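Below is upload09.txt, which holds compact mmCIF, C-alpha atoms.
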```
# COMPACT_ATOMS: atom_id res chain seq x y z
CA MET A 202 85.75 120.32 86.22
CA SER A 203 83.06 122.61 84.86
CA GLN A 204 82.51 125.77 86.85
CA HIS A 205 79.01 126.31 85.39
CA GLU A 206 75.83 125.17 87.05
CA HIS A 207 73.79 124.34 83.92
CA ASP A 208 73.43 120.75 82.97
CA HIS A 209 74.54 120.42 79.39
CA PRO A 210 78.09 119.20 79.22
CA HIS A 211 80.84 120.84 77.29
CA ALA A 212 84.59 120.71 77.12
CA GLU A 213 86.24 121.00 80.52
CA ILE A 214 87.27 124.53 81.35
CA GLY A 215 90.98 125.06 81.28
CA GLN A 216 91.69 122.30 78.80
CA SER A 217 93.23 123.54 75.61
CA GLU A 218 94.07 120.26 73.99
CA ARG A 219 92.12 117.15 73.18
CA PRO A 220 91.90 114.89 76.21
CA GLY A 221 93.49 111.48 76.13
CA TYR A 222 91.56 108.25 75.77
CA TYR A 223 91.22 107.51 79.47
CA ASP A 224 90.42 111.11 80.28
CA MET A 225 87.49 110.90 77.87
CA MET A 226 86.46 107.55 79.30
CA GLU A 227 86.30 109.10 82.76
CA THR A 228 84.21 112.00 81.46
CA ALA A 229 81.90 109.62 79.63
CA VAL A 230 81.42 107.30 82.63
CA ARG A 231 80.82 110.17 84.99
CA GLU A 232 78.32 111.93 82.71
CA LEU A 233 76.40 108.72 82.03
CA LEU A 234 76.08 107.95 85.72
CA ILE A 235 74.94 111.49 86.45
CA GLU A 236 72.38 111.27 83.63
CA LYS A 237 71.09 108.06 85.17
CA GLY A 238 70.71 109.80 88.51
CA LEU A 239 73.18 107.67 90.44
CA PHE A 240 74.84 110.77 91.88
CA GLU A 241 75.11 114.48 91.18
CA ALA A 242 77.88 116.46 89.54
CA GLY A 243 78.22 118.50 92.70
CA GLU A 244 79.28 115.42 94.63
CA ILE A 245 82.29 114.93 92.40
CA ARG A 246 83.23 118.59 92.71
CA ARG A 247 82.86 118.37 96.47
CA GLN A 248 84.98 115.23 96.73
CA ILE A 249 87.74 116.88 94.70
CA GLU A 250 87.70 119.70 97.24
CA VAL A 251 87.84 117.14 100.04
CA LEU A 252 90.85 115.46 98.42
CA ASP A 253 92.58 118.79 97.80
CA SER A 254 92.16 119.68 101.46
CA ARG A 255 94.03 116.56 102.65
CA THR A 256 97.77 117.10 102.68
CA PRO A 257 100.70 115.96 104.80
CA ALA A 258 100.32 119.21 106.76
CA LEU A 259 97.39 117.57 108.55
CA GLY A 260 99.49 114.62 109.64
CA ALA A 261 102.25 117.00 110.68
CA LYS A 262 99.80 118.77 113.01
CA VAL A 263 98.85 115.46 114.57
CA VAL A 264 102.49 114.54 115.12
CA ALA A 265 103.39 117.93 116.59
CA ARG A 266 100.44 117.78 118.96
CA ALA A 267 101.47 114.31 120.08
CA TRP A 268 104.98 115.55 120.74
CA VAL A 269 103.85 118.36 123.02
CA ASP A 270 100.77 116.84 124.66
CA ALA A 271 101.27 113.50 126.39
CA ASP A 272 97.57 112.92 126.98
CA PHE A 273 96.81 113.51 123.30
CA ARG A 274 99.64 111.17 122.38
CA ALA A 275 98.09 108.47 124.56
CA ARG A 276 94.68 108.96 122.95
CA LEU A 277 96.29 108.97 119.50
CA LEU A 278 98.01 105.66 120.13
CA ALA A 279 94.81 104.19 121.54
CA ASN A 280 92.61 105.28 118.61
CA GLY A 281 94.20 107.15 115.73
CA ARG A 282 90.99 108.07 114.01
CA THR A 283 89.18 109.62 116.96
CA ALA A 284 92.29 111.54 117.99
CA CYS A 285 92.55 113.01 114.48
CA GLU A 286 88.87 113.88 114.62
CA GLU A 287 89.59 115.86 117.80
CA LEU A 288 91.76 118.12 115.63
CA GLY A 289 89.00 118.46 113.05
CA ILE A 290 90.52 115.93 110.65
CA SER A 291 87.44 114.01 109.60
CA PHE A 292 87.64 110.63 107.93
CA TYR A 293 85.51 110.55 104.82
CA ASP A 294 85.66 106.77 104.52
CA ASP A 295 85.26 103.71 106.74
CA THR A 296 88.93 103.18 107.47
CA GLN A 297 90.47 103.09 110.93
CA LEU A 298 93.85 104.54 111.83
CA ILE A 299 96.54 102.92 113.95
CA VAL A 300 99.38 105.29 114.78
CA LEU A 301 102.73 103.54 115.07
CA GLU A 302 105.12 105.16 117.50
CA ASN A 303 108.83 105.18 116.70
CA THR A 304 111.00 104.86 119.80
CA ALA A 305 114.61 104.20 120.68
CA GLU A 306 113.84 100.50 120.38
CA VAL A 307 111.42 100.35 117.44
CA HIS A 308 111.31 101.87 113.95
CA ASN A 309 108.07 101.55 111.98
CA LEU A 310 107.54 101.51 108.23
CA ILE A 311 104.25 101.29 106.33
CA VAL A 312 103.45 99.74 102.96
CA CYS A 313 100.60 98.23 100.99
CA THR A 314 102.03 95.32 99.03
CA LEU A 315 98.73 94.38 97.38
CA CYS A 316 97.66 97.81 96.16
CA SER A 317 98.09 101.36 97.56
CA CYS A 318 96.32 101.58 100.90
CA TYR A 319 97.50 104.77 102.58
CA PRO A 320 96.13 107.05 105.32
CA ARG A 321 94.61 109.44 102.79
CA PRO A 322 92.29 111.37 105.13
CA VAL A 323 95.27 112.57 107.14
CA LEU A 324 98.12 112.56 104.59
CA GLY A 325 96.45 113.15 101.22
CA LEU A 326 97.29 111.04 98.21
CA PRO A 327 100.37 108.80 98.21
CA PRO A 328 103.43 109.51 96.08
CA ASP A 329 103.96 107.39 92.96
CA TRP A 330 106.94 105.55 94.41
CA TYR A 331 104.76 104.21 97.24
CA LYS A 332 102.42 102.63 94.66
CA LEU A 333 105.07 101.16 92.36
CA LYS A 334 106.60 97.71 92.46
CA PRO A 335 110.05 98.37 93.92
CA TYR A 336 108.75 99.79 97.19
CA ARG A 337 105.80 97.43 97.52
CA ALA A 338 107.84 94.33 96.77
CA ARG A 339 110.89 95.13 98.89
CA ALA A 340 109.61 97.05 101.93
CA VAL A 341 108.27 93.80 103.42
CA SER A 342 111.26 91.61 102.61
CA GLU A 343 114.24 93.92 102.92
CA PRO A 344 113.09 96.97 104.87
CA ARG A 345 116.56 97.94 106.03
CA ALA A 346 117.88 98.01 102.45
CA VAL A 347 114.83 100.08 101.44
CA LEU A 348 115.44 102.49 104.30
CA ALA A 349 119.08 102.77 103.31
CA GLU A 350 117.99 103.84 99.81
CA PHE A 351 116.22 106.72 101.49
CA GLY A 352 119.39 107.49 103.42
CA THR A 353 118.04 106.04 106.65
CA HIS A 354 120.20 103.65 108.65
CA ILE A 355 118.63 101.83 111.55
CA PRO A 356 121.05 100.20 114.02
CA ASP A 357 120.80 96.44 114.46
CA ASP A 358 119.67 96.78 118.04
CA VAL A 359 116.57 98.70 116.92
CA GLU A 360 113.67 96.56 115.80
CA VAL A 361 112.20 97.37 112.38
CA ARG A 362 108.46 96.75 112.16
CA VAL A 363 106.78 96.76 108.76
CA SER A 364 103.01 97.16 108.66
CA ASP A 365 101.37 95.91 105.46
CA SER A 366 97.85 97.32 104.96
CA THR A 367 95.26 94.91 103.62
CA ALA A 368 91.82 95.77 104.94
CA LEU A 369 90.18 98.44 107.09
CA VAL A 370 93.14 99.73 109.06
CA ARG A 371 95.46 102.44 107.78
CA TYR A 372 98.72 103.39 109.41
CA LEU A 373 100.55 106.59 110.27
CA VAL A 374 104.05 106.60 111.70
CA LEU A 375 104.62 108.88 114.67
CA PRO A 376 108.27 109.77 114.16
CA ARG A 377 110.62 110.56 117.01
CA ARG A 378 110.93 114.16 117.98
CA PRO A 379 114.38 115.32 116.90
CA ASP A 380 116.98 116.60 119.33
CA GLY A 381 117.47 120.35 119.55
CA THR A 382 113.76 121.22 119.36
CA ALA A 383 113.05 121.78 123.03
CA GLY A 384 112.08 125.41 122.58
CA TYR A 385 110.04 124.97 119.41
CA SER A 386 106.40 125.94 119.19
CA GLU A 387 103.86 123.37 118.07
CA GLU A 388 103.68 125.14 114.72
CA GLN A 389 107.45 125.07 114.30
CA LEU A 390 107.48 121.38 115.18
CA ALA A 391 104.77 120.65 112.61
CA GLY A 392 106.89 122.45 110.03
CA LEU A 393 109.63 119.85 110.51
CA VAL A 394 107.43 116.83 109.90
CA THR A 395 107.44 115.50 106.34
CA ARG A 396 105.19 113.04 104.56
CA ASP A 397 108.05 110.61 104.14
CA ALA A 398 108.71 110.66 107.89
CA MET A 399 105.08 109.67 108.49
CA ILE A 400 105.48 106.77 106.05
CA GLY A 401 108.55 105.84 108.03
CA VAL A 402 111.24 105.98 105.36
CA ILE A 403 113.09 108.94 106.86
CA PRO A 404 113.37 110.48 110.32
CA VAL A 405 112.38 113.99 111.26
CA THR A 406 115.34 116.28 111.68
CA ALA A 407 115.55 119.76 113.14
CA GLY A 408 116.18 122.60 110.73
CA GLU A 409 114.30 121.09 107.73
CA ALA A 410 112.36 123.45 105.51
CA GLY A 411 108.71 123.82 106.43
CA VAL A 412 107.23 122.23 103.32
CA SER A 413 105.99 118.70 103.93
CA ARG A 414 107.28 116.21 101.38
CA MET B 2 100.85 69.56 87.38
CA SER B 3 99.72 72.49 85.33
CA GLN B 4 102.44 74.92 84.47
CA THR B 5 100.04 77.80 84.30
CA GLU B 6 98.32 77.36 87.66
CA ASN B 7 100.54 79.97 89.26
CA LEU B 8 99.00 82.58 86.98
CA LEU B 9 95.72 81.88 88.72
CA LYS B 10 97.02 81.27 92.20
CA ARG B 11 99.17 84.37 92.44
CA LEU B 12 97.42 87.63 91.61
CA PRO B 13 99.44 90.09 89.52
CA ASN B 14 99.35 92.64 92.35
CA ASP B 15 100.60 90.14 94.96
CA ILE B 16 104.20 91.25 94.78
CA GLY B 17 105.34 91.42 98.39
CA GLY B 18 108.76 89.80 98.61
CA LEU B 19 109.38 89.49 94.89
CA PRO B 20 112.71 90.71 93.55
CA ALA B 21 112.58 94.32 92.41
CA GLU B 22 114.74 97.24 91.42
CA PRO B 23 116.02 100.08 93.58
CA ILE B 24 113.37 102.58 94.50
CA GLN B 25 113.12 105.67 92.37
CA ARG B 26 111.49 108.48 94.28
CA VAL B 27 109.15 109.43 91.50
CA ASP B 28 105.97 111.39 91.93
CA HIS B 29 103.75 113.53 89.76
CA GLU B 30 101.04 116.08 90.27
CA LEU B 31 97.72 114.50 89.43
CA GLU B 32 96.22 115.55 86.13
CA PRO B 33 92.69 116.94 86.43
CA TRP B 34 91.14 113.78 84.99
CA GLU B 35 93.06 111.63 87.48
CA LYS B 36 91.75 113.69 90.35
CA ARG B 37 88.22 113.42 88.94
CA CYS B 38 88.75 109.67 88.63
CA HIS B 39 89.77 109.43 92.27
CA ALA B 40 86.76 111.52 93.31
CA LEU B 41 84.56 109.27 91.17
CA ALA B 42 85.85 106.21 93.02
CA ASP B 43 85.09 107.81 96.37
CA VAL B 44 81.59 108.89 95.33
CA LEU B 45 80.83 105.44 93.89
CA ASP B 46 82.05 103.84 97.11
CA PHE B 47 80.02 106.19 99.26
CA HIS B 48 76.87 105.32 97.34
CA LYS B 49 77.72 101.60 97.49
CA ILE B 50 77.49 101.50 93.70
CA LEU B 51 81.04 100.20 93.40
CA ASN B 52 82.95 99.72 96.63
CA THR B 53 86.68 100.04 97.09
CA GLU B 54 87.25 96.31 97.33
CA GLU B 55 85.32 95.74 94.11
CA LYS B 56 87.56 98.30 92.49
CA ARG B 57 90.66 96.43 93.68
CA ARG B 58 89.32 93.16 92.30
CA GLY B 59 88.40 94.90 89.06
CA VAL B 60 91.94 96.18 88.65
CA GLU B 61 93.37 92.71 89.36
CA ALA B 62 90.98 91.23 86.80
CA LEU B 63 92.50 93.41 84.06
CA GLY B 64 95.36 90.92 84.01
CA SER B 65 99.12 91.27 83.97
CA GLU B 66 99.53 92.89 80.59
CA MET B 67 97.11 95.72 81.18
CA ILE B 68 98.29 96.18 84.73
CA GLY B 69 101.83 96.51 83.44
CA LYS B 70 100.99 98.92 80.63
CA LEU B 71 98.23 101.15 81.99
CA THR B 72 98.98 103.82 84.55
CA TYR B 73 97.41 103.80 87.99
CA TYR B 74 94.26 105.79 87.21
CA GLU B 75 93.95 104.34 83.73
CA ARG B 76 93.58 100.98 85.46
CA TRP B 77 90.90 102.40 87.72
CA ILE B 78 88.72 103.80 84.96
CA ALA B 79 89.05 100.64 82.87
CA ALA B 80 88.09 98.57 85.91
CA PHE B 81 85.12 100.85 86.63
CA ALA B 82 83.82 100.40 83.10
CA ASN B 83 84.05 96.61 83.36
CA ILE B 84 82.37 96.44 86.75
CA LEU B 85 79.60 98.82 85.75
CA PHE B 86 78.94 96.62 82.71
CA GLN B 87 78.85 93.52 84.91
CA LYS B 88 76.36 95.18 87.22
CA GLY B 89 74.16 96.20 84.32
CA ILE B 90 74.51 99.88 85.19
CA LEU B 91 76.12 100.75 81.87
CA THR B 92 76.45 98.89 78.62
CA PRO B 93 79.52 98.86 76.40
CA THR B 94 77.49 100.46 73.61
CA GLU B 95 76.33 103.29 75.82
CA LEU B 96 79.85 104.02 76.92
CA ALA B 97 81.24 103.84 73.40
CA ARG B 98 78.61 106.28 72.12
CA LYS B 99 79.20 108.64 74.98
CA MET B 100 82.94 108.56 74.41
CA ASP B 101 82.35 109.46 70.77
CA GLU B 102 80.16 112.33 71.87
CA VAL B 103 82.86 113.56 74.25
CA ALA B 104 85.49 113.30 71.53
CA ALA B 105 83.25 115.24 69.14
CA ARG B 106 83.28 118.23 71.48
CA TRP B 107 86.84 118.75 70.43
CA GLY B 108 85.81 118.99 66.80
CA ASP B 109 87.62 115.82 65.87
CA GLU B 110 86.41 112.75 64.09
CA PRO B 111 85.28 110.12 66.54
CA PRO B 112 88.11 107.72 67.42
CA HIS B 113 86.35 104.96 65.47
CA PRO B 114 83.74 104.88 62.70
CA PRO B 115 80.19 105.63 63.82
CA ALA B 116 77.92 102.61 64.27
CA MET C 174 75.63 90.14 132.17
CA SER C 175 73.84 86.81 132.35
CA GLY C 176 71.20 85.91 129.85
CA ILE C 177 72.92 87.74 126.99
CA VAL C 178 73.44 85.54 123.96
CA LEU C 179 76.03 86.81 121.51
CA ALA C 180 75.31 86.61 117.82
CA THR C 181 77.57 84.55 115.61
CA GLY C 182 80.80 86.41 115.05
CA GLU C 183 80.30 88.90 117.89
CA ALA C 184 82.85 87.33 120.19
CA PRO C 185 86.27 87.12 118.59
CA PRO C 186 87.71 83.61 118.98
CA PHE C 187 91.27 84.95 119.04
CA ARG C 188 92.67 87.40 121.53
CA ARG C 189 95.85 89.43 121.93
CA GLY C 190 98.75 87.10 122.56
CA ASP C 191 97.17 84.04 120.96
CA ARG C 192 99.35 81.99 118.64
CA VAL C 193 97.76 81.47 115.25
CA ARG C 194 98.69 80.12 111.87
CA VAL C 195 97.74 81.65 108.53
CA MET C 196 96.06 79.00 106.41
CA THR C 197 97.57 77.80 103.18
CA ARG C 198 94.60 77.74 100.83
CA ALA C 199 95.16 79.32 97.41
CA PRO C 200 92.07 81.17 96.21
CA VAL C 201 91.69 82.22 92.62
CA GLY C 202 89.85 85.39 91.67
CA HIS C 203 90.60 87.62 94.62
CA TYR C 204 92.28 87.48 97.98
CA ARG C 205 93.73 89.88 100.52
CA VAL C 206 96.25 87.61 102.24
CA PRO C 207 99.56 87.87 100.40
CA THR C 208 101.21 84.66 99.25
CA TYR C 209 104.27 85.43 101.38
CA LEU C 210 102.14 85.05 104.52
CA ARG C 211 100.50 81.70 103.80
CA GLY C 212 101.23 79.01 106.36
CA LYS C 213 103.15 81.34 108.67
CA SER C 214 102.83 81.22 112.44
CA ALA C 215 102.00 84.47 114.15
CA VAL C 216 100.96 86.07 117.40
CA VAL C 217 97.85 88.22 117.64
CA GLU C 218 98.82 91.81 118.45
CA ARG C 219 95.26 93.06 118.68
CA VAL C 220 91.69 92.36 117.69
CA ILE C 221 90.30 94.98 115.31
CA GLU C 222 86.84 96.04 116.47
CA PRO C 223 84.08 95.93 115.44
CA ALA C 224 83.44 92.74 113.48
CA ALA C 225 83.29 93.47 109.77
CA ILE C 226 82.49 92.10 106.35
CA ASP C 227 84.96 89.71 104.72
CA ASN C 228 86.68 91.97 102.22
CA GLU C 229 87.34 89.05 99.89
CA GLU C 230 83.58 88.65 99.53
CA GLU C 231 82.98 92.38 99.53
CA ALA C 232 85.03 92.47 96.36
CA TYR C 233 82.21 90.61 94.64
CA GLY C 234 79.60 93.07 95.81
CA ARG C 235 78.61 91.49 99.09
CA ASN C 236 78.09 94.57 101.22
CA ALA C 237 76.25 92.98 104.12
CA GLY C 238 75.88 89.71 105.93
CA SER C 239 77.71 87.77 108.57
CA LYS C 240 80.69 89.56 110.04
CA ARG C 241 83.82 88.31 111.71
CA HIS C 242 86.88 90.02 113.09
CA TYR C 243 90.13 91.14 111.56
CA TYR C 244 93.29 90.63 113.60
CA ARG C 245 96.58 92.47 113.45
CA ILE C 246 99.14 89.70 113.70
CA ILE C 247 102.90 89.70 114.24
CA VAL C 248 105.21 87.51 112.16
CA PRO C 249 109.00 87.49 112.62
CA MET C 250 110.76 88.47 109.41
CA THR C 251 113.11 85.53 109.73
CA SER C 252 110.18 83.12 109.53
CA ILE C 253 108.98 84.62 106.24
CA TRP C 254 112.22 85.21 104.32
CA PRO C 255 114.84 82.44 104.24
CA ASN C 256 117.79 84.81 103.93
CA TYR C 257 116.43 87.78 105.79
CA ALA C 258 119.17 90.40 106.05
CA GLY C 259 118.33 92.36 109.15
CA SER C 260 117.82 91.96 112.85
CA ALA C 261 116.27 88.73 114.10
CA ARG C 262 113.90 90.97 116.05
CA ASP C 263 112.43 92.64 112.96
CA ASP C 264 108.82 91.76 112.30
CA LEU C 265 105.93 92.20 109.95
CA ARG C 266 102.46 93.19 111.12
CA ILE C 267 99.40 92.69 108.99
CA GLU C 268 95.63 92.65 109.25
CA VAL C 269 94.08 89.26 108.50
CA PHE C 270 90.44 88.17 108.44
CA GLU C 271 89.31 85.53 110.89
CA THR C 272 88.56 82.86 108.28
CA TRP C 273 92.24 82.79 107.36
CA LEU C 274 93.48 81.96 110.86
CA GLU C 275 93.60 78.79 112.90
CA ARG C 276 94.71 78.41 116.47
CA ILE C 277 98.07 76.87 117.24
CA ALA C 278 97.80 74.71 120.36
CA SER C 279 100.21 76.05 122.95
```
Please express the file's structure as structure tokens.
Amino acid sequence: MSQHEHDHPHAEIGQSERPGYYDMMETAVRELLIEKGLFEAGEIRRQIEVLDSRTPALGAKVVARAWVDADFRARLLANGRTACEELGISFYDDTQLIVLENTAEVHNLIVCTLCSCYPRPVLGLPPDWYKLKPYRARAVSEPRAVLAEFGTHIPDDVEVRVSDSTALVRYLVLPRRPDGTAGYSEEQLAGLVTRDAMIGVIPVTAGEAGVSR
Amino acid sequence: MSQTENLLKRLPNDIGGLPAEPIQRVDHELEPWEKRCHALADVLDFHKILNTEEKRRGVEALGSEMIGKLTYYERWIAAFANILFQKGILTPTELARKMDEVAARWGDEPPHPPA
Amino acid sequence: MSGIVLATGEAPPFRRGDRVRVMTRAPVGHYRVPTYLRGKSAVVERVIEPAAIDNEEEAYGRNAGSKRHYYRIIVPMTSIWPNYAGSARDDLRIEVFETWLERIAS
């Protein structure tokens, strides 16, 4: 994206080779719409910053807070969006958030079979595998086999619940707090929580590296 | 009974429960244009110029072949172009000329002969 | 409060615990109810508030107008997939617009 404030367009800064066909189509569409006054260039720049600021670290904070604060957990389960907003995680769209609590009896998994609905305001953008056919086709019909491919084995006496997003509601899995973390700070707990655990394909384990996946 | 009616009755994206391969845990860092494309979708939705559901329908309307062969954000930008044409916000000629102009910034010949 | 008249669509006809069936119509053009769900019986887990635009019409640019509710419904996996390989207690939960649901008499 251009760093300059003047209006005449030129090649995108940082690009050293000719853009591909679709890249040029995006540039052309965007510039035409800006020329027609439908929105301003600054809005695109701003939204890129918004998107860049949304990462799984936000979701990890929400999870860690829910683990240490029972009242917050209750508010989170009652209204995911407003609880996130308490932590400063604004929602830049009209979606709602339902947080799905994993327990000893229930394991939750989220998917969007029809497209790629995902709790972007609190997790950032979804990984490619979440948007591709194998996951979308099979998570609803053979969730336990899908989980096994991620190395996750759910006992038969634990109910697996798959939530398929189709409309206004987005989902976030609240994973179970792992054993052996009793003395951990909230920050240390957040460091254990990965993106994939908040999708529901893997559990949270103690001793994981701090980078959210 | 028409043999092709299922092509109409089942959207190409309606794949829940269909047989599929093992999951490959692939991911990639978004290219700058893909991120701009995503931001464009959000800004268009915010302004109610092209809402998210319209975008979904627009991608579906590309049809199976394009859906299978274009990548995720390539499908978005193609869908945007089509919907903006339908709404009379852009014309195909305008977009084609602008794309030529963008290509010319790289000092190359336009991708197709000038009009 | 007496004297209050609710607008069309304000009061959700289905409530948590109601038994409903997903209709079997087959739209062309655009839909948001997957084929795998058509005709299935379900239980309403919750009503999504507030009432909202039908997203299948929103897809054609209809940004305003009469609103109805979405419902998060519960469907047992074994009732969707003939050879479901998992626990009989596993279920699928999905958000469905009001015009896709009909009440099952209990």
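Neighbours of Leu96 of chain B closer than or equal to 8 Å, with only C-alpha atoms counted and sequence neighbours fewer than 5 positions away skipped, come out as Met226, Ala229, Val230 and Leu233 of chain A; Leu91 of chain B.
Proximity to Glu218 of chain C was assessed for C:Gly176, C:Asn256, C:Gly182, C:Ile267 counting all atoms listed in the file; the smallest distance is recorded for C:Ile267.
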With chain C as the partner and 7 Å as the cut-off, tabulate the residues of chain B that qualify, each row holding the nearest pair of atoms and their distance in Å to one decimal, using all atoms listed in the file, sorted by chain and rising number, as a tab-separated table.
```
residue	atom	partner	partner_atom	distance
B:Leu9	CA	C:Val201	CA	5.6
B:Lys10	CA	C:Val201	CA	5.4
B:Asp15	CA	C:Pro207	CA	6.0
B:Gly17	CA	C:Tyr209	CA	6.8
B:Gly18	CA	C:Tyr209	CA	6.9
B:Glu54	CA	C:Ala232	CA	4.5
B:Glu55	CA	C:Ala232	CA	4.0
B:Arg58	CA	C:Ala232	CA	5.9
```
Please return, as a PyMOL selection string, all residues of chain B lying within 6 Å of chain A when only C-alpha atoms are considered. chain B and resi 14-19+21-22+24+26-28+34+40+75+99-100
Counting all atoms listed in the file, which residues of chain C fall within 9 Å of chain A, and what is the closest atom pair for each with its distance in Å at one decimal, ordered by chain and rising number, as a tab-separated table?
```
residue	atom	partner	partner_atom	distance
C:Arg205	CA	A:Thr367	CA	6.1
C:Val206	CA	A:Thr367	CA	7.5
C:Pro207	CA	A:Leu315	CA	7.2
C:Ile221	CA	A:Val370	CA	8.3
C:Ala225	CA	A:Leu369	CA	8.9
C:Asn228	CA	A:Ala368	CA	6.9
C:Tyr243	CA	A:Ala368	CA	8.3
C:Met250	CA	A:Ser342	CA	7.5
C:Ile253	CA	A:Ser342	CA	8.2
C:Trp254	CA	A:Ser342	CA	6.7
C:Tyr257	CA	A:Glu343	CA	7.1
C:Ala258	CA	A:Glu343	CA	6.8
C:Gly259	CA	A:Arg345	CA	6.6
C:Ser260	CA	A:Asp357	CA	5.6
C:Ala261	CA	A:Glu360	CA	8.4
C:Arg262	CA	A:Glu360	CA	5.6
C:Asp263	CA	A:Val361	CA	4.8
C:Asp264	CA	A:Arg362	CA	5.0
C:Leu265	CA	A:Val363	CA	4.8
C:Arg266	CA	A:Ser364	CA	4.7
C:Ile267	CA	A:Asp365	CA	5.2
C:Glu268	CA	A:Thr367	CA	6.1
C:Val269	CA	A:Thr367	CA	7.6
C:Phe270	CA	A:Ala368	CA	8.5
```
Output for the residues just chosen: C-alpha atoms as an mmCIF file, in the frame of the given file:
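Wrote it out as selection_13.cif, contents follow:
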```
data_model
loop_
_atom_site.group_PDB
_atom_site.id
_atom_site.type_symbol
_atom_site.label_atom_id
_atom_site.label_comp_id
_atom_site.auth_asym_id
_atom_site.auth_seq_id
_atom_site.Cartn_x
_atom_site.Cartn_y
_atom_site.Cartn_z
ATOM 1 C CA ARG C 205 93.730 89.880 100.520
ATOM 2 C CA VAL C 206 96.250 87.610 102.240
ATOM 3 C CA PRO C 207 99.560 87.870 100.400
ATOM 4 C CA ILE C 221 90.300 94.980 115.310
ATOM 5 C CA ALA C 225 83.290 93.470 109.770
ATOM 6 C CA ASN C 228 86.680 91.970 102.220
ATOM 7 C CA TYR C 243 90.130 91.140 111.560
ATOM 8 C CA MET C 250 110.760 88.470 109.410
ATOM 9 C CA ILE C 253 108.980 84.620 106.240
ATOM 10 C CA TRP C 254 112.220 85.210 104.320
ATOM 11 C CA TYR C 257 116.430 87.780 105.790
ATOM 12 C CA ALA C 258 119.170 90.400 106.050
ATOM 13 C CA GLY C 259 118.330 92.360 109.150
ATOM 14 C CA SER C 260 117.820 91.960 112.850
ATOM 15 C CA ALA C 261 116.270 88.730 114.100
ATOM 16 C CA ARG C 262 113.900 90.970 116.050
ATOM 17 C CA ASP C 263 112.430 92.640 112.960
ATOM 18 C CA ASP C 264 108.820 91.760 112.300
ATOM 19 C CA LEU C 265 105.930 92.200 109.950
ATOM 20 C CA ARG C 266 102.460 93.190 111.120
ATOM 21 C CA ILE C 267 99.400 92.690 108.990
ATOM 22 C CA GLU C 268 95.630 92.650 109.250
ATOM 23 C CA VAL C 269 94.080 89.260 108.500
ATOM 24 C CA PHE C 270 90.440 88.170 108.440
#
```
Point-to-point distance in Å for atom CA of Glu66 of chain B and atom CA of Thr197 of chain C: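 Between these atoms lies a distance of 27.2 Å.
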What residues have an atom no more than 9 Å from (86.7, 102.2, 86.1) in the file's own frame, counting all atoms listed in the file, and can you write them as a ChimeraX atom specification? /A:226-227,230 /B:38,41-42,56,59-60,74-85
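One distance worth recording is that between atom CA of Leu288 of chain A and atom CA of Arg377 of chain A, which is 20.4 Å.
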Between atom CA of Leu301 of chain A and atom CA of Val374 of chain A, measure the distance and give it in Å to one decimal. 4.7 Å
